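Peer 1: Following this line is entry35.txt, made up of compact mmCIF, N, CA and C atoms:
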# COMPACT_ATOMS: atom_id res chain seq x y z
N MET A 1 130.56 103.99 82.29
CA MET A 1 131.00 105.37 82.42
C MET A 1 131.97 105.46 83.59
N LYS A 2 133.05 106.16 83.36
CA LYS A 2 134.06 106.30 84.39
C LYS A 2 133.79 107.60 85.17
N THR A 3 133.81 107.48 86.50
CA THR A 3 133.55 108.63 87.36
C THR A 3 134.78 108.90 88.22
N LYS A 4 134.70 109.99 88.99
CA LYS A 4 135.80 110.30 89.92
C LYS A 4 135.93 109.21 90.98
N LEU A 5 134.80 108.67 91.41
CA LEU A 5 134.83 107.60 92.40
C LEU A 5 135.56 106.38 91.84
N THR A 6 135.33 106.08 90.57
CA THR A 6 136.01 104.95 89.93
C THR A 6 137.52 105.17 89.92
N THR A 7 137.94 106.36 89.60
CA THR A 7 139.37 106.68 89.61
C THR A 7 139.95 106.54 91.01
N ILE A 8 139.21 107.01 91.99
CA ILE A 8 139.67 106.89 93.39
C ILE A 8 139.79 105.42 93.78
N VAL A 9 138.84 104.61 93.38
CA VAL A 9 138.87 103.18 93.69
C VAL A 9 140.09 102.53 93.03
N ASN A 10 140.38 102.88 91.78
CA ASN A 10 141.56 102.32 91.11
C ASN A 10 142.84 102.74 91.83
N ILE A 11 142.90 103.95 92.32
CA ILE A 11 144.08 104.41 93.07
C ILE A 11 144.18 103.66 94.40
N ILE A 12 143.05 103.44 95.04
CA ILE A 12 143.04 102.66 96.29
C ILE A 12 143.57 101.26 96.04
N GLU A 13 143.19 100.65 94.92
CA GLU A 13 143.67 99.32 94.58
C GLU A 13 145.19 99.32 94.39
N ILE A 14 145.72 100.35 93.75
CA ILE A 14 147.17 100.46 93.57
C ILE A 14 147.85 100.62 94.93
N LEU A 15 147.28 101.45 95.80
CA LEU A 15 147.85 101.63 97.14
C LEU A 15 147.79 100.33 97.94
N CYS A 16 146.72 99.56 97.77
CA CYS A 16 146.62 98.27 98.46
C CYS A 16 147.70 97.31 97.96
N THR A 17 147.97 97.35 96.67
CA THR A 17 149.04 96.52 96.12
C THR A 17 150.38 96.91 96.72
N LEU A 18 150.63 98.19 96.83
CA LEU A 18 151.88 98.65 97.46
C LEU A 18 151.92 98.23 98.92
N ALA A 19 150.77 98.24 99.58
CA ALA A 19 150.71 97.79 100.98
C ALA A 19 151.00 96.29 101.09
N ILE A 20 150.56 95.52 100.11
CA ILE A 20 150.87 94.08 100.11
C ILE A 20 152.38 93.88 100.02
N PHE A 21 153.00 94.56 99.05
CA PHE A 21 154.45 94.44 98.91
C PHE A 21 155.18 94.93 100.15
N GLY A 22 154.72 96.06 100.70
CA GLY A 22 155.34 96.61 101.90
C GLY A 22 155.22 95.66 103.08
N THR A 23 154.05 95.06 103.23
CA THR A 23 153.84 94.12 104.32
C THR A 23 154.77 92.92 104.18
N LEU A 24 154.81 92.36 102.97
CA LEU A 24 155.60 91.14 102.76
C LEU A 24 157.11 91.37 102.79
N LYS A 25 157.54 92.56 102.43
CA LYS A 25 158.98 92.80 102.31
C LYS A 25 159.56 93.71 103.37
N ILE A 26 158.72 94.55 104.05
CA ILE A 26 159.29 95.54 104.96
C ILE A 26 158.79 95.38 106.39
N TRP A 27 157.53 95.71 106.67
CA TRP A 27 157.12 95.83 108.07
C TRP A 27 156.54 94.56 108.70
N ALA A 28 156.12 93.59 107.92
CA ALA A 28 155.60 92.35 108.53
C ALA A 28 155.83 91.16 107.59
N PRO A 29 157.08 90.85 107.29
CA PRO A 29 157.34 89.74 106.37
C PRO A 29 156.95 88.39 106.97
N VAL A 30 156.71 87.43 106.10
CA VAL A 30 156.41 86.08 106.57
C VAL A 30 157.67 85.48 107.19
N CYS A 31 157.49 84.39 107.91
CA CYS A 31 158.60 83.72 108.60
C CYS A 31 159.71 83.37 107.61
N ASP A 32 160.93 83.49 108.06
CA ASP A 32 162.05 83.08 107.22
C ASP A 32 162.70 81.81 107.76
N LYS A 33 162.04 81.18 108.71
CA LYS A 33 162.57 79.96 109.30
C LYS A 33 162.27 78.77 108.39
N MET A 34 163.13 77.77 108.51
CA MET A 34 162.97 76.55 107.73
C MET A 34 162.39 75.45 108.62
N LEU A 35 161.69 74.55 108.00
CA LEU A 35 161.10 73.41 108.69
C LEU A 35 162.00 72.21 108.42
N THR A 36 162.43 71.52 109.47
CA THR A 36 163.28 70.36 109.31
C THR A 36 162.42 69.10 109.32
N LEU A 37 162.52 68.34 108.26
CA LEU A 37 161.76 67.10 108.15
C LEU A 37 162.45 65.98 108.92
N GLU A 38 161.77 64.85 109.07
CA GLU A 38 162.36 63.71 109.77
C GLU A 38 163.62 63.20 109.09
N THR A 39 163.71 63.39 107.79
CA THR A 39 164.88 62.94 107.03
C THR A 39 166.07 63.88 107.22
N GLY A 40 165.85 65.01 107.85
CA GLY A 40 166.91 65.99 108.04
C GLY A 40 166.91 67.08 106.99
N LYS A 41 166.13 66.90 105.95
CA LYS A 41 166.02 67.90 104.88
C LYS A 41 165.25 69.11 105.41
N GLN A 42 165.67 70.30 104.99
CA GLN A 42 164.98 71.52 105.39
C GLN A 42 164.18 72.07 104.22
N VAL A 43 162.95 72.48 104.52
CA VAL A 43 162.06 73.05 103.51
C VAL A 43 161.44 74.33 104.08
N PHE A 44 160.93 75.14 103.17
CA PHE A 44 160.24 76.35 103.62
C PHE A 44 158.95 75.98 104.33
N MET A 45 158.56 76.83 105.27
CA MET A 45 157.28 76.65 105.95
C MET A 45 156.17 77.14 105.01
N LYS A 46 154.93 76.75 105.30
CA LYS A 46 153.84 77.08 104.39
C LYS A 46 153.61 78.58 104.26
N CYS A 47 153.98 79.35 105.27
CA CYS A 47 153.78 80.79 105.18
C CYS A 47 154.66 81.40 104.07
N HIS A 48 155.79 80.79 103.78
CA HIS A 48 156.63 81.26 102.68
C HIS A 48 155.85 81.18 101.37
N TYR A 49 155.18 80.06 101.15
CA TYR A 49 154.41 79.88 99.93
C TYR A 49 153.17 80.77 99.91
N THR A 50 152.61 81.03 101.06
CA THR A 50 151.49 81.96 101.15
C THR A 50 151.94 83.35 100.71
N GLY A 51 153.13 83.76 101.15
CA GLY A 51 153.68 85.05 100.74
C GLY A 51 153.92 85.12 99.25
N GLN A 52 154.42 84.02 98.67
CA GLN A 52 154.64 83.98 97.22
C GLN A 52 153.33 84.11 96.46
N ALA A 53 152.30 83.43 96.95
CA ALA A 53 150.97 83.53 96.32
C ALA A 53 150.43 84.95 96.42
N ALA A 54 150.67 85.60 97.55
CA ALA A 54 150.20 86.99 97.74
C ALA A 54 150.89 87.92 96.75
N ILE A 55 152.15 87.66 96.45
CA ILE A 55 152.86 88.50 95.47
C ILE A 55 152.22 88.34 94.10
N VAL A 56 151.88 87.12 93.72
CA VAL A 56 151.22 86.89 92.43
C VAL A 56 149.88 87.61 92.37
N ILE A 57 149.11 87.52 93.44
CA ILE A 57 147.82 88.21 93.50
C ILE A 57 148.02 89.72 93.41
N ALA A 58 149.05 90.24 94.08
CA ALA A 58 149.33 91.68 94.04
C ALA A 58 149.70 92.14 92.64
N VAL A 59 150.46 91.33 91.92
CA VAL A 59 150.84 91.69 90.55
C VAL A 59 149.59 91.74 89.66
N ILE A 60 148.72 90.76 89.82
CA ILE A 60 147.47 90.76 89.04
C ILE A 60 146.64 92.00 89.39
N LEU A 61 146.55 92.31 90.67
CA LEU A 61 145.76 93.46 91.11
C LEU A 61 146.32 94.77 90.59
N ILE A 62 147.63 94.94 90.60
CA ILE A 62 148.18 96.21 90.12
C ILE A 62 147.98 96.36 88.62
N VAL A 63 148.05 95.26 87.88
CA VAL A 63 147.78 95.32 86.44
C VAL A 63 146.33 95.72 86.20
N VAL A 64 145.42 95.10 86.95
CA VAL A 64 143.99 95.41 86.81
C VAL A 64 143.72 96.87 87.18
N ALA A 65 144.34 97.36 88.24
CA ALA A 65 144.11 98.74 88.67
C ALA A 65 144.66 99.75 87.66
N VAL A 66 145.82 99.46 87.09
CA VAL A 66 146.40 100.37 86.08
C VAL A 66 145.54 100.36 84.83
N VAL A 67 145.08 99.19 84.42
CA VAL A 67 144.17 99.12 83.27
C VAL A 67 142.90 99.91 83.58
N GLY A 68 142.41 99.82 84.81
CA GLY A 68 141.23 100.59 85.21
C GLY A 68 141.46 102.09 85.13
N LEU A 69 142.65 102.52 85.52
CA LEU A 69 142.97 103.95 85.44
C LEU A 69 143.05 104.43 83.99
N LEU A 70 143.58 103.59 83.12
CA LEU A 70 143.79 103.99 81.73
C LEU A 70 142.54 103.82 80.87
N SER A 71 141.63 102.98 81.30
CA SER A 71 140.43 102.69 80.52
C SER A 71 139.37 103.78 80.73
N LYS A 72 138.69 104.11 79.67
CA LYS A 72 137.60 105.09 79.76
C LYS A 72 136.24 104.39 79.75
N LYS A 73 136.26 103.09 79.58
CA LYS A 73 135.01 102.33 79.49
C LYS A 73 134.49 101.95 80.86
N ASP A 74 133.40 101.22 80.84
CA ASP A 74 132.75 100.74 82.07
C ASP A 74 133.75 99.92 82.89
N GLN A 75 133.74 100.13 84.17
CA GLN A 75 134.73 99.54 85.07
C GLN A 75 134.23 98.31 85.82
N LYS A 76 133.02 97.87 85.57
CA LYS A 76 132.47 96.79 86.39
C LYS A 76 133.29 95.51 86.31
N LEU A 77 133.70 95.11 85.12
CA LEU A 77 134.52 93.90 84.98
C LEU A 77 135.83 94.05 85.74
N ILE A 78 136.44 95.20 85.63
CA ILE A 78 137.69 95.47 86.34
C ILE A 78 137.46 95.39 87.85
N HIS A 79 136.35 95.94 88.30
CA HIS A 79 136.02 95.88 89.73
C HIS A 79 135.79 94.45 90.20
N PHE A 80 135.12 93.65 89.38
CA PHE A 80 134.87 92.26 89.77
C PHE A 80 136.17 91.46 89.84
N ILE A 81 137.11 91.75 88.95
CA ILE A 81 138.42 91.08 89.01
C ILE A 81 139.16 91.51 90.27
N ALA A 82 139.09 92.79 90.61
CA ALA A 82 139.74 93.28 91.83
C ALA A 82 139.11 92.63 93.07
N ILE A 83 137.80 92.51 93.08
CA ILE A 83 137.11 91.85 94.20
C ILE A 83 137.57 90.40 94.30
N ALA A 84 137.68 89.73 93.17
CA ALA A 84 138.16 88.34 93.17
C ALA A 84 139.58 88.25 93.72
N CYS A 85 140.42 89.23 93.38
CA CYS A 85 141.79 89.26 93.92
C CYS A 85 141.76 89.43 95.44
N GLY A 86 140.90 90.30 95.93
CA GLY A 86 140.78 90.51 97.37
C GLY A 86 140.31 89.25 98.10
N VAL A 87 139.34 88.57 97.51
CA VAL A 87 138.83 87.34 98.11
C VAL A 87 139.92 86.26 98.09
N MET A 88 140.64 86.15 96.98
CA MET A 88 141.72 85.16 96.89
C MET A 88 142.83 85.46 97.90
N LEU A 89 143.16 86.73 98.08
CA LEU A 89 144.19 87.10 99.05
C LEU A 89 143.76 86.68 100.46
N PHE A 90 142.50 86.96 100.79
CA PHE A 90 141.99 86.58 102.10
C PHE A 90 142.01 85.07 102.28
N LEU A 91 141.52 84.35 101.29
CA LEU A 91 141.46 82.89 101.39
C LEU A 91 142.84 82.26 101.41
N THR A 92 143.79 82.86 100.72
CA THR A 92 145.16 82.33 100.71
C THR A 92 145.75 82.35 102.11
N PHE A 93 145.47 83.39 102.86
CA PHE A 93 146.03 83.50 104.21
C PHE A 93 145.19 82.80 105.26
N THR A 94 143.97 82.38 104.92
CA THR A 94 143.12 81.75 105.92
C THR A 94 142.86 80.27 105.64
N LYS A 95 142.49 79.93 104.43
CA LYS A 95 142.03 78.56 104.14
C LYS A 95 142.91 77.82 103.13
N LEU A 96 143.29 78.47 102.03
CA LEU A 96 143.95 77.75 100.95
C LEU A 96 145.35 77.25 101.31
N ILE A 97 146.21 78.13 101.77
CA ILE A 97 147.56 77.73 102.19
C ILE A 97 147.71 77.99 103.68
N GLY A 98 147.46 79.22 104.09
CA GLY A 98 147.51 79.56 105.50
C GLY A 98 148.89 79.97 105.99
N VAL A 99 148.98 80.15 107.28
CA VAL A 99 150.24 80.52 107.93
C VAL A 99 150.46 79.58 109.11
N CYS A 100 151.56 79.78 109.77
CA CYS A 100 151.93 78.93 110.92
C CYS A 100 150.85 78.99 112.00
N VAL A 101 150.65 77.90 112.70
CA VAL A 101 149.67 77.87 113.78
C VAL A 101 150.25 78.43 115.08
N ASN A 102 151.56 78.52 115.17
CA ASN A 102 152.22 79.06 116.36
C ASN A 102 151.98 80.57 116.42
N LYS A 103 151.32 81.03 117.46
CA LYS A 103 150.95 82.44 117.59
C LYS A 103 152.16 83.36 117.76
N GLU A 104 153.32 82.81 118.06
CA GLU A 104 154.52 83.62 118.25
C GLU A 104 155.27 83.88 116.95
N MET A 105 154.87 83.25 115.86
CA MET A 105 155.56 83.42 114.58
C MET A 105 155.15 84.75 113.94
N SER A 106 156.07 85.32 113.19
CA SER A 106 155.83 86.64 112.59
C SER A 106 154.76 86.62 111.51
N CYS A 107 154.51 85.46 110.94
CA CYS A 107 153.52 85.39 109.86
C CYS A 107 152.09 85.62 110.36
N ILE A 108 151.87 85.50 111.64
CA ILE A 108 150.56 85.81 112.20
C ILE A 108 150.24 87.29 111.98
N THR A 109 151.25 88.13 112.18
CA THR A 109 151.10 89.57 111.93
C THR A 109 150.89 89.83 110.44
N THR A 110 151.63 89.11 109.61
CA THR A 110 151.47 89.26 108.16
C THR A 110 150.04 88.93 107.76
N ALA A 111 149.51 87.84 108.30
CA ALA A 111 148.14 87.43 107.97
C ALA A 111 147.13 88.50 108.38
N LEU A 112 147.34 89.11 109.53
CA LEU A 112 146.43 90.17 109.98
C LEU A 112 146.44 91.34 108.99
N TRP A 113 147.63 91.76 108.58
CA TRP A 113 147.75 92.84 107.60
C TRP A 113 147.04 92.46 106.30
N MET A 114 147.26 91.24 105.84
CA MET A 114 146.67 90.82 104.57
C MET A 114 145.15 90.75 104.64
N LYS A 115 144.62 90.35 105.78
CA LYS A 115 143.16 90.32 105.94
C LYS A 115 142.59 91.73 105.87
N MET A 116 143.26 92.69 106.50
CA MET A 116 142.78 94.07 106.45
C MET A 116 142.88 94.63 105.03
N ILE A 117 144.00 94.37 104.36
CA ILE A 117 144.17 94.86 102.99
C ILE A 117 143.14 94.23 102.07
N SER A 118 142.91 92.93 102.22
CA SER A 118 141.93 92.26 101.35
C SER A 118 140.53 92.82 101.58
N ALA A 119 140.21 93.21 102.80
CA ALA A 119 138.91 93.83 103.07
C ALA A 119 138.75 95.13 102.29
N VAL A 120 139.79 95.94 102.28
CA VAL A 120 139.76 97.20 101.53
C VAL A 120 139.64 96.92 100.03
N ILE A 121 140.38 95.91 99.56
CA ILE A 121 140.33 95.56 98.13
C ILE A 121 138.93 95.14 97.72
N VAL A 122 138.20 94.49 98.59
CA VAL A 122 136.84 94.05 98.27
C VAL A 122 135.83 95.18 98.43
N ILE A 123 135.95 95.95 99.50
CA ILE A 123 134.95 96.97 99.81
C ILE A 123 135.00 98.17 98.85
N ALA A 124 136.19 98.63 98.49
CA ALA A 124 136.30 99.83 97.64
C ALA A 124 135.58 99.66 96.30
N PRO A 125 135.82 98.59 95.53
CA PRO A 125 135.08 98.45 94.28
C PRO A 125 133.59 98.22 94.48
N LEU A 126 133.23 97.55 95.57
CA LEU A 126 131.80 97.35 95.85
C LEU A 126 131.08 98.67 96.03
N ILE A 127 131.74 99.61 96.69
CA ILE A 127 131.14 100.94 96.88
C ILE A 127 130.89 101.60 95.53
N ASP A 128 131.87 101.50 94.63
CA ASP A 128 131.70 102.10 93.31
C ASP A 128 130.59 101.41 92.53
N ILE A 129 130.49 100.09 92.64
CA ILE A 129 129.44 99.35 91.95
C ILE A 129 128.06 99.75 92.50
N ILE A 130 127.96 99.87 93.82
CA ILE A 130 126.68 100.22 94.45
C ILE A 130 126.24 101.63 94.08
N PHE A 131 127.18 102.58 94.03
CA PHE A 131 126.83 103.97 93.75
C PHE A 131 126.95 104.34 92.28
N ASP A 132 127.02 103.34 91.41
CA ASP A 132 127.08 103.60 89.98
C ASP A 132 125.80 104.28 89.53
N LYS A 133 125.95 105.38 88.78
CA LYS A 133 124.80 106.17 88.32
C LYS A 133 123.87 105.40 87.40
N GLU A 134 124.46 104.53 86.57
CA GLU A 134 123.63 103.80 85.61
C GLU A 134 122.84 102.70 86.28
N GLY A 135 123.38 102.14 87.37
CA GLY A 135 122.66 101.12 88.11
C GLY A 135 122.60 99.77 87.42
N GLN A 136 123.43 99.58 86.41
CA GLN A 136 123.43 98.32 85.68
C GLN A 136 124.68 97.51 86.05
N VAL A 137 124.51 96.22 86.18
CA VAL A 137 125.64 95.35 86.45
C VAL A 137 125.97 94.62 85.16
N GLY A 138 127.31 94.56 84.85
CA GLY A 138 127.75 93.78 83.68
C GLY A 138 127.99 94.58 82.52
Output the structure of this file as structure tokens.

Peer 2:
Amino acid sequence: MKTKLTTIVNIIEILCTLAIFGTLKIWAPVCDKMLTLETGKQVFMKCHYTGQAAIVIAVILIVVAVVGLLSKKDQKLIHFIAIACGVMLFLTFTKLIGVCVNKEMSCITTALWMKMISAVIVIAPLIDIIFDKEGQVG
């Protein structure tokens, strides 16, 4: 059953997706510096790839949130996918790929923003699951 809280959670997920894009492209983008290898070749730093992965996760999340808004059925599966997106976003910036270890690089700020956004992405659907009137999971 879809409730007002479920709709609010889906809107929060869309806003979080917009915050991901805003963080990566406007107010806290990842480093744009290149890493020079011993051979003289220049490659992107790992934070560049972390940002690319975050964009993929954001696209998945916005699709899930829009489907959640348009669906009249039970939202638990949609919420679990959103939670998985939030966990993946967090892990991408902390363990899976990560960002630069230099504390002076701009990607440190990006990582902080992404950790906060991922927390909201995980907590909002959990609240809806916990306060579900039917009390059934799945």

Peer 1: Report, in Å with one decimal, the straight-line distance from atom N of Phe90 (chain A) to atom N of Ser118 (chain A).

Peer 2: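 These two atoms are separated by 6.2 Å.
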
Peer 1: Hey, can you check how far atom N of Thr3 (chain A) sits from CA of Val120 (chain A)?

Peer 2: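 Answer for the atom N of Thr3 (chain A) to CA of Val120 (chain A) separation: 19.2 Å.
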
Peer 1: To one decimal place in Å, what is the distance between CA of Ile129 (chain A) and CA of Leu112 (chain A)?

Peer 2: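 Those two atoms sit 26.4 Å apart.
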
Peer 1: Go through A:Ile55, A:Val64, A:Ile108, A:Ala28 and flag the residue nearest Asn10 (chain A), using all atoms listed in the file for the distances.

Peer 2: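 Distance minimum relative to Asn10 (chain A) lands on A:Val64.
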
Peer 1: Calculated over only C-alpha atoms, which of the candidates A:Leu5, A:Ile97, A:Ala54, A:Leu37 has the smallest distance to Ile130 (chain A)?

Peer 2: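 Result for the nearest residue to Ile130 (chain A): A:Leu5.
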
Peer 1: Near Ala58 (chain A), counting only N, CA and C atoms, which residues have an atom at most 8 Å away, once you skip same-chain residues fewer than 4 positions from it, shown as a ChimeraX atom specification?

Peer 2: /A:16-18,20-21,52-54,62-64,85,89

Peer 1: Write out as a VMD selection string all residues of chain A that backbone DSSP assigns to alpha helix (DSSP H).

Peer 2: chain A and resid 4 to 22 46 to 70 76 to 91 107 to 130

Peer 1: Which residue gives the smallest distance to Val99 (chain A) among A:Val43, A:Ile26, A:Ala124, A:Ala111, with all atoms listed in the file counted?

Peer 2: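 Of all the options, A:Ala111 lies closest to Val99 (chain A).
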
Peer 1: Of the candidates A:Thr36, A:Thr6, A:Ile121, A:Lys25, which shows the shortest atom-to-atom distance to Ile83 (chain A), using only N, CA and C atoms?

Peer 2: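 Ranking A:Thr36, A:Thr6, A:Ile121, A:Lys25 by distance to Ile83 (chain A), first place goes to A:Ile121.
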
Peer 1: For region 102-106 of chain A, find every residue with an atom within 8 Å (counting only N, CA and C atoms), except residues of its own chain fewer than 4 positions away, and show them as a list in words.

Peer 2: Ala28, Pro29, Val30, Cys31, Asp32, Thr110 and Ala111 of chain A

Peer 1: Restricting the calculation to only C-alpha atoms, which member of A:Ala19, A:Val67, A:Met34, A:Ala84 is positioned closest to Leu126 (chain A)?

Peer 2: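 Smallest separation from Leu126 (chain A) among the options: A:Ala84.
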
Peer 1: When DSSP works through the backbone of this structure, what residues of chain A end up as strand (DSSP E), shown as a PyMOL selection string?

Peer 2: chain A and resi 34-36+42-44

Peer 1: Which is closer to Ile117 (chain A) than all the others in A:Val101, A:Leu96, A:Val87, A:Glu38, using only C-alpha atoms?

Peer 2: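 So, comparing all the options, the nearest one is A:Val87.
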
Peer 1: Env of Lys4 (chain A): 12 Å cut, atoms = only C-alpha atoms, seq-sep filter 3 positions within chain, self excluded. Answer as an mmCIF file with N, CA and C atoms, keeping the file's coordinate frame.

Peer 2:
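And here is the file that came out, out.cif:
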data_model
loop_
_atom_site.group_PDB
_atom_site.id
_atom_site.type_symbol
_atom_site.label_atom_id
_atom_site.label_comp_id
_atom_site.auth_asym_id
_atom_site.auth_seq_id
_atom_site.Cartn_x
_atom_site.Cartn_y
_atom_site.Cartn_z
ATOM 1 N N MET A 1 130.560 103.990 82.290
ATOM 2 C CA MET A 1 131.000 105.370 82.420
ATOM 3 C C MET A 1 131.970 105.460 83.590
ATOM 4 N N THR A 7 137.940 106.360 89.600
ATOM 5 C CA THR A 7 139.370 106.680 89.610
ATOM 6 C C THR A 7 139.950 106.540 91.010
ATOM 7 N N ILE A 8 139.210 107.010 91.990
ATOM 8 C CA ILE A 8 139.670 106.890 93.390
ATOM 9 C C ILE A 8 139.790 105.420 93.780
ATOM 10 N N VAL A 9 138.840 104.610 93.380
ATOM 11 C CA VAL A 9 138.870 103.180 93.690
ATOM 12 C C VAL A 9 140.090 102.530 93.030
ATOM 13 N N ASN A 10 140.380 102.880 91.780
ATOM 14 C CA ASN A 10 141.560 102.320 91.110
ATOM 15 C C ASN A 10 142.840 102.740 91.830
ATOM 16 N N ILE A 11 142.900 103.950 92.320
ATOM 17 C CA ILE A 11 144.080 104.410 93.070
ATOM 18 C C ILE A 11 144.180 103.660 94.400
ATOM 19 N N LEU A 69 142.650 102.520 85.520
ATOM 20 C CA LEU A 69 142.970 103.950 85.440
ATOM 21 C C LEU A 69 143.050 104.430 83.990
ATOM 22 N N LYS A 72 138.690 104.110 79.670
ATOM 23 C CA LYS A 72 137.600 105.090 79.760
ATOM 24 C C LYS A 72 136.240 104.390 79.750
ATOM 25 N N GLN A 75 133.740 100.130 84.170
ATOM 26 C CA GLN A 75 134.730 99.540 85.070
ATOM 27 C C GLN A 75 134.230 98.310 85.820
ATOM 28 N N ASP A 128 131.870 101.500 94.630
ATOM 29 C CA ASP A 128 131.700 102.100 93.310
ATOM 30 C C ASP A 128 130.590 101.410 92.530
ATOM 31 N N PHE A 131 127.180 102.580 94.030
ATOM 32 C CA PHE A 131 126.830 103.970 93.750
ATOM 33 C C PHE A 131 126.950 104.340 92.280
ATOM 34 N N ASP A 132 127.020 103.340 91.410
ATOM 35 C CA ASP A 132 127.080 103.600 89.980
ATOM 36 C C ASP A 132 125.800 104.280 89.530
ATOM 37 N N LYS A 133 125.950 105.380 88.780
ATOM 38 C CA LYS A 133 124.800 106.170 88.320
ATOM 39 C C LYS A 133 123.870 105.400 87.400
#
